[in-house]
Amino acid sequence: MFYWLKPAESKPVTKSQAEIDKDYNYWRWHVMASIWVGYAIFYFTRNSYKSIMPKMLEDLHLQLSDVGMLSTIFYIVYGSSRFIGGIMSDKSNPRYFMGIGLILTGIVNILFGLSSSVTMFALLWGLNAFFQGWGWPPCTKILTTWYSRNERGFWWALCNTSHNVGGAIIPILAAYLAVHYGWRYGMIVPGIIGIVFGILVCIFLRDRPESMGLPKVGEWRNDELEMEQVKKSASDLSTFTILRKYILTNKFVWLLALSYVLVYVVRIGVNDWANLFLVKSHGVDLVVANSAISMLEIGGFIGTIAAGWGSDKLFKGNRIPMNIIFMLGIMVSVAALWLLPLVSYWAIGATFFFIGFFIFGPQMLTGMAAAEVAHKEYAGTATGFVGLFGYMGAALTGLPVAKVIETWGWDGFFMVMAVASLLSALIIVPIMKPKK
């Protein structure tokens, strides 16, 4: 690994308590702002394609299975990259790892907008998926080193809202560009934005508190749960040994990973196909459909905060009960989109709001729970591992779901979403009690 990509060296703590408090209070907001904005822009370069997909289908006369194939390729590569990127990120300085990943996804988006063949689309979108895997692992490293266990639900949720904001803005921006200037501009403009903000992340983000002469966050906040995880996380083990001991043979991580498959079937399934459902089944135009789907992200913003706060305050840091509550909420709200008449724009928007409210809680809580039952210094690897399984579920929403829609119509699609919601909750019932 290049020297400048390695984690910053730890510095001795020589500051007074007042100086430590001042620095922590300043830098916690500084690094949060950096990863929040950075990850929001990752969604500009990730969701650009799906936002212009109906227009691209029309202009290039592509088949539904063609765009389904691109989605499947993306999620398979991205899931693998989340795991590989998690291992790399835990050994890297998040400042540069995240920033460079964002710059590279921006470049790929621009090249995608300049291409025309399905083969080139598949190659570039797979490449984009690989660099997208450099986005979230650095965020988990920041979240587990700057914020301690008994407060992390709120801070993790706050960071997680970044993709709700990015995901809410990009469908409207990309659809406007696609309708008025052509679908290519719906890829090129987000790519330029990604490059600019990737450079800013490299400038403003920082590494661990210890690299800035501060004590560990658990010591600073006197958080017993945090210090207990640090104590249990042996520091003299190889990466392979840590993978085997804390992740690959950890039954808690495996149950969370299996549940994550189904969470992502619903999350990505609704996110990727809902605009086409509205266009085909309700006769709304693309801009109106994408603006309604933006309500999914607004609901997700509020629901994510509620899920994180609730897991901290109502269940004392145990993420599983709140996870199950939200998963059942997903099933009810997806059924509403399926079965209600939705005769007005406001009814459509409200339904997507509630789907978003419930769907992003489990997406956030499952990854956080995995980080908290694994090795303290390998949060990126743990979340990357369950993320790998999550994006296996996401891959199922590409070509396989396209075939379901072609064969059984939208009723088949919504039946898959409802069953996946219920099973995702049932799988994690055995780990309702927190790990001792």
# chains A, B, ... in the order shown; residues from 1 in each chain; ligands from 1
>>> closest_atom_pairs(of="segment 280-364 of chain A", to="segment 168-184 of chain A", cutoff="12 Å", atoms="only C-alpha atoms", output="tab-separated table")
residue	atom	partner	partner_atom	distance
A:Asp285	CA	A:Ala175	CA	10.3
A:Leu286	CA	A:Ala175	CA	7.0
A:Val287	CA	A:Ala175	CA	5.8
A:Val288	CA	A:Ile172	CA	8.8
A:Ala289	CA	A:Pro171	CA	9.2
A:Asn290	CA	A:Pro171	CA	5.5
A:Ser291	CA	A:Ile172	CA	6.0
A:Ala292	CA	A:Ala168	CA	9.5
A:Ile293	CA	A:Ala168	CA	7.6
A:Ser294	CA	A:Ala168	CA	4.3
A:Met295	CA	A:Ala168	CA	7.2
A:Leu296	CA	A:Ala168	CA	7.6
A:Glu297	CA	A:Ala168	CA	5.2
A:Ile298	CA	A:Ala168	CA	6.9
A:Gly299	CA	A:Ala168	CA	10.0
A:Gly300	CA	A:Ala168	CA	9.7
A:Phe301	CA	A:Ala168	CA	9.7
A:Phe352	CA	A:Ala168	CA	11.8
A:Phe353	CA	A:Ala168	CA	11.3
A:Gly356	CA	A:Ala168	CA	10.9
>>> residues_around(residues="Thr304 of chain A", least_positions_apart="2", cutoff="6 Å", atoms="only C-alpha atoms", output="ChimeraX atom specification")
/A:157,300-302,306-307,360-361
>>> write_last_selection(atoms="C-alpha atoms", output="PDB file, in the first residue's frame")
ATOM      1  CA  ALA A 157     -27.910   7.210  12.155  1.00  0.00           C
ATOM      2  CA  GLY A 300     -35.554   7.334   5.428  1.00  0.00           C
ATOM      3  CA  PHE A 301     -33.842  10.412   6.860  1.00  0.00           C
ATOM      4  CA  ILE A 302     -36.346  10.620   9.708  1.00  0.00           C
ATOM      5  CA  ALA A 306     -35.554   7.338  15.005  1.00  0.00           C
ATOM      6  CA  ALA A 307     -34.070   3.833  14.694  1.00  0.00           C
ATOM      7  CA  PHE A 360     -33.473   2.462   6.177  1.00  0.00           C
ATOM      8  CA  GLY A 361     -33.528   1.625   9.896  1.00  0.00           C
TER       9      GLY A 361
END
>>> atom_distance(atom1="atom CA of Met364 of chain A", atom2="atom CA of Pro54 of chain A")
28.8 Å
>>> residues_around(residues="Asp21 of chain A", least_positions_apart="5", cutoff="12 Å", atoms="only C-alpha atoms", output="list in words")
Lys15, Ser16, Tyr26, Trp27, Arg28, Pro209, Leu214, Pro215, Val217, Glu219, Trp220 and Arg221 of chain A
>>> closest_atom_pairs(of="segment 295-382 of chain A", to="segment 84-92 of chain A", cutoff="8 Å", atoms="only C-alpha atoms", output="Markdown table")
| residue | atom | partner | partner_atom | distance |
| --- | --- | --- | --- | --- |
| A:Glu377 | CA | A:Asp90 | CA | 7.0 |
| A:Tyr378 | CA | A:Asp90 | CA | 5.9 |
| A:Ala379 | CA | A:Asp90 | CA | 7.4 |
| A:Gly380 | CA | A:Gly86 | CA | 4.3 |
| A:Thr381 | CA | A:Gly86 | CA | 4.3 |
| A:Ala382 | CA | A:Gly86 | CA | 7.5 |
>>> write_last_selection(atoms="N, CA and C atoms", output="JSON list (two decimals), in the first residue's frame")
[["chain", "number", "residue", "atom", "x", "y", "z"],
["A", 377, "GLU", "N", -11.10, -2.92, 16.06],
["A", 377, "GLU", "CA", -10.31, -2.26, 15.02],
["A", 377, "GLU", "C", -10.66, -2.73, 13.61],
["A", 378, "TYR", "N", -11.67, -3.62, 13.49],
["A", 378, "TYR", "CA", -12.04, -4.14, 12.18],
["A", 378, "TYR", "C", -13.53, -3.93, 11.90],
["A", 379, "ALA", "N", -14.00, -2.73, 12.24],
["A", 379, "ALA", "CA", -15.41, -2.40, 11.99],
["A", 379, "ALA", "C", -15.71, -2.39, 10.50],
["A", 380, "GLY", "N", -14.79, -1.86, 9.70],
["A", 380, "GLY", "CA", -14.99, -1.83, 8.26],
["A", 380, "GLY", "C", -15.09, -3.22, 7.67],
["A", 381, "THR", "N", -14.28, -4.15, 8.19],
["A", 381, "THR", "CA", -14.32, -5.53, 7.70],
["A", 381, "THR", "C", -15.63, -6.20, 8.08],
["A", 382, "ALA", "N", -16.09, -5.99, 9.32],
["A", 382, "ALA", "CA", -17.35, -6.60, 9.78],
["A", 382, "ALA", "C", -18.54, -6.08, 8.98]]
>>> residues_around(residues="segment 409-424 of chain A", least_positions_apart="2", cutoff="10 Å", atoms="only C-alpha atoms", output="NGL selection string")
:A and (255-256 or 258-267 or 269-270 or 273 or 277 or 280-281 or 323-324 or 326-335 or 337-339 or 359 or 362 or 393 or 397 or 401-407 or 426-429)
>>> write_last_selection(atoms="C-alpha atoms", output="CSV table (one decimal), in the first residue's frame")
chain,number,residue,atom,x,y,z
A,255,LEU,CA,-27.4,-14.3,11.3
A,256,LEU,CA,-27.1,-10.6,10.7
A,258,LEU,CA,-28.4,-13.7,6.3
A,259,SER,CA,-31.0,-11.2,7.4
A,260,TYR,CA,-29.2,-8.5,5.4
A,261,VAL,CA,-29.7,-10.4,2.2
A,262,LEU,CA,-33.5,-10.0,2.6
A,263,VAL,CA,-33.3,-6.4,3.9
A,264,TYR,CA,-31.5,-5.5,0.7
A,265,VAL,CA,-33.9,-7.4,-1.6
A,266,VAL,CA,-36.6,-5.0,-0.3
A,267,ARG,CA,-34.5,-1.9,-0.1
A,269,GLY,CA,-36.0,-3.7,-5.1
A,270,VAL,CA,-38.2,-0.8,-4.2
A,273,TRP,CA,-38.0,-0.6,-9.8
A,277,PHE,CA,-43.8,0.8,-11.6
A,280,LYS,CA,-46.2,1.8,-16.2
A,281,SER,CA,-48.9,1.2,-13.7
A,323,ASN,CA,-34.5,-3.8,13.9
A,324,ILE,CA,-37.3,-6.3,14.1
A,326,PHE,CA,-38.8,-1.6,11.7
A,327,MET,CA,-38.7,-4.8,9.5
A,328,LEU,CA,-42.3,-5.5,10.3
A,329,GLY,CA,-43.1,-1.9,9.4
A,330,ILE,CA,-41.5,-2.4,6.0
A,331,MET,CA,-43.8,-5.3,5.3
A,332,VAL,CA,-46.9,-3.2,6.1
A,333,SER,CA,-45.8,-0.2,4.1
A,334,VAL,CA,-44.8,-2.2,1.0
A,335,ALA,CA,-48.2,-3.9,1.1
A,337,LEU,CA,-48.0,0.5,-2.1
A,338,TRP,CA,-49.1,-2.8,-3.6
A,339,LEU,CA,-52.8,-2.9,-2.5
A,359,ILE,CA,-36.6,0.5,5.3
A,362,PRO,CA,-32.6,-2.1,9.4
A,393,GLY,CA,-29.7,-9.7,-2.0
A,397,THR,CA,-33.3,-7.5,-7.6
A,401,VAL,CA,-36.6,-9.6,-10.3
A,402,ALA,CA,-36.9,-8.4,-13.9
A,403,LYS,CA,-37.8,-11.9,-14.9
A,404,VAL,CA,-40.4,-12.0,-12.0
A,405,ILE,CA,-42.0,-8.8,-13.3
A,406,GLU,CA,-42.0,-10.1,-16.9
A,407,THR,CA,-43.6,-13.4,-15.8
A,426,LEU,CA,-37.7,-13.9,11.8
A,427,ILE,CA,-34.0,-14.7,11.1
A,428,ILE,CA,-32.6,-12.4,13.8
A,429,VAL,CA,-35.2,-13.3,16.5
>>> closest_residue(among="A:Ile188, A:Asn109, A:Leu123, A:Asp207", to="Pro7 of chain A", atoms="only C-alpha atoms")
A:Asp207
>>> closest_residue(among="A:Ala371, A:Leu104, A:Ile52, A:Cys139", to="Phe197 of chain A", atoms="only C-alpha atoms")
A:Leu104
>>> closest_atom_pairs(of="segment 18-128 of chain A", to="segment 143-154 of chain A", cutoff="10 Å", atoms="only C-alpha atoms", output="Markdown table")
| residue | atom | partner | partner_atom | distance |
| --- | --- | --- | --- | --- |
| A:Tyr24 | CA | A:Trp146 | CA | 8.3 |
| A:Trp27 | CA | A:Trp146 | CA | 8.7 |
| A:Arg28 | CA | A:Trp146 | CA | 6.4 |
| A:Trp29 | CA | A:Trp146 | CA | 9.8 |
| A:Val31 | CA | A:Trp146 | CA | 8.6 |
| A:Met32 | CA | A:Leu143 | CA | 8.3 |
| A:Ile35 | CA | A:Leu143 | CA | 9.5 |
>>> atom_distance(atom1="atom CA of Gly198 of chain A", atom2="atom CA of Gly213 of chain A")
26.2 Å
>>> select_by_dssp(residues="segment 154-377 of chain A", states="alpha helix (DSSP H)", output="VMD selection string")
chain A and resid 154 to 181 185 to 204 217 to 221 224 to 232 239 to 242 251 to 282 286 to 313 320 to 339 345 to 372
>>> closest_residue(among="A:Leu62, A:Trp136, A:Gly310, A:Gly387", to="Ser117 of chain A", atoms="only C-alpha atoms")
A:Leu62
>>> residues_around(residues="Gly283 of chain A", least_positions_apart="5", cutoff="12 Å", atoms="only C-alpha atoms", output="ChimeraX atom specification")
/A:275-278,288-289,342-345
>>> residues_around(residues="Leu200 of chain A", least_positions_apart="5", cutoff="9 Å", atoms="only C-alpha atoms", output="list in words")
Ser34, Gly38, Gly99, Ile195 and Leu205 of chain A
>>> residues_around(residues="Lys245 of chain A", least_positions_apart="4", cutoff="9 Å", atoms="only C-alpha atoms", output="list of chain:residue names")
A:Phe240, A:Thr241, A:Thr249, A:Asn250, A:Ala374, A:His375
>>> closest_residue(among="A:Asn47, A:Thr239, A:Gln363, A:Ser211", to="Ala257 of chain A", atoms="only C-alpha atoms")
A:Gln363
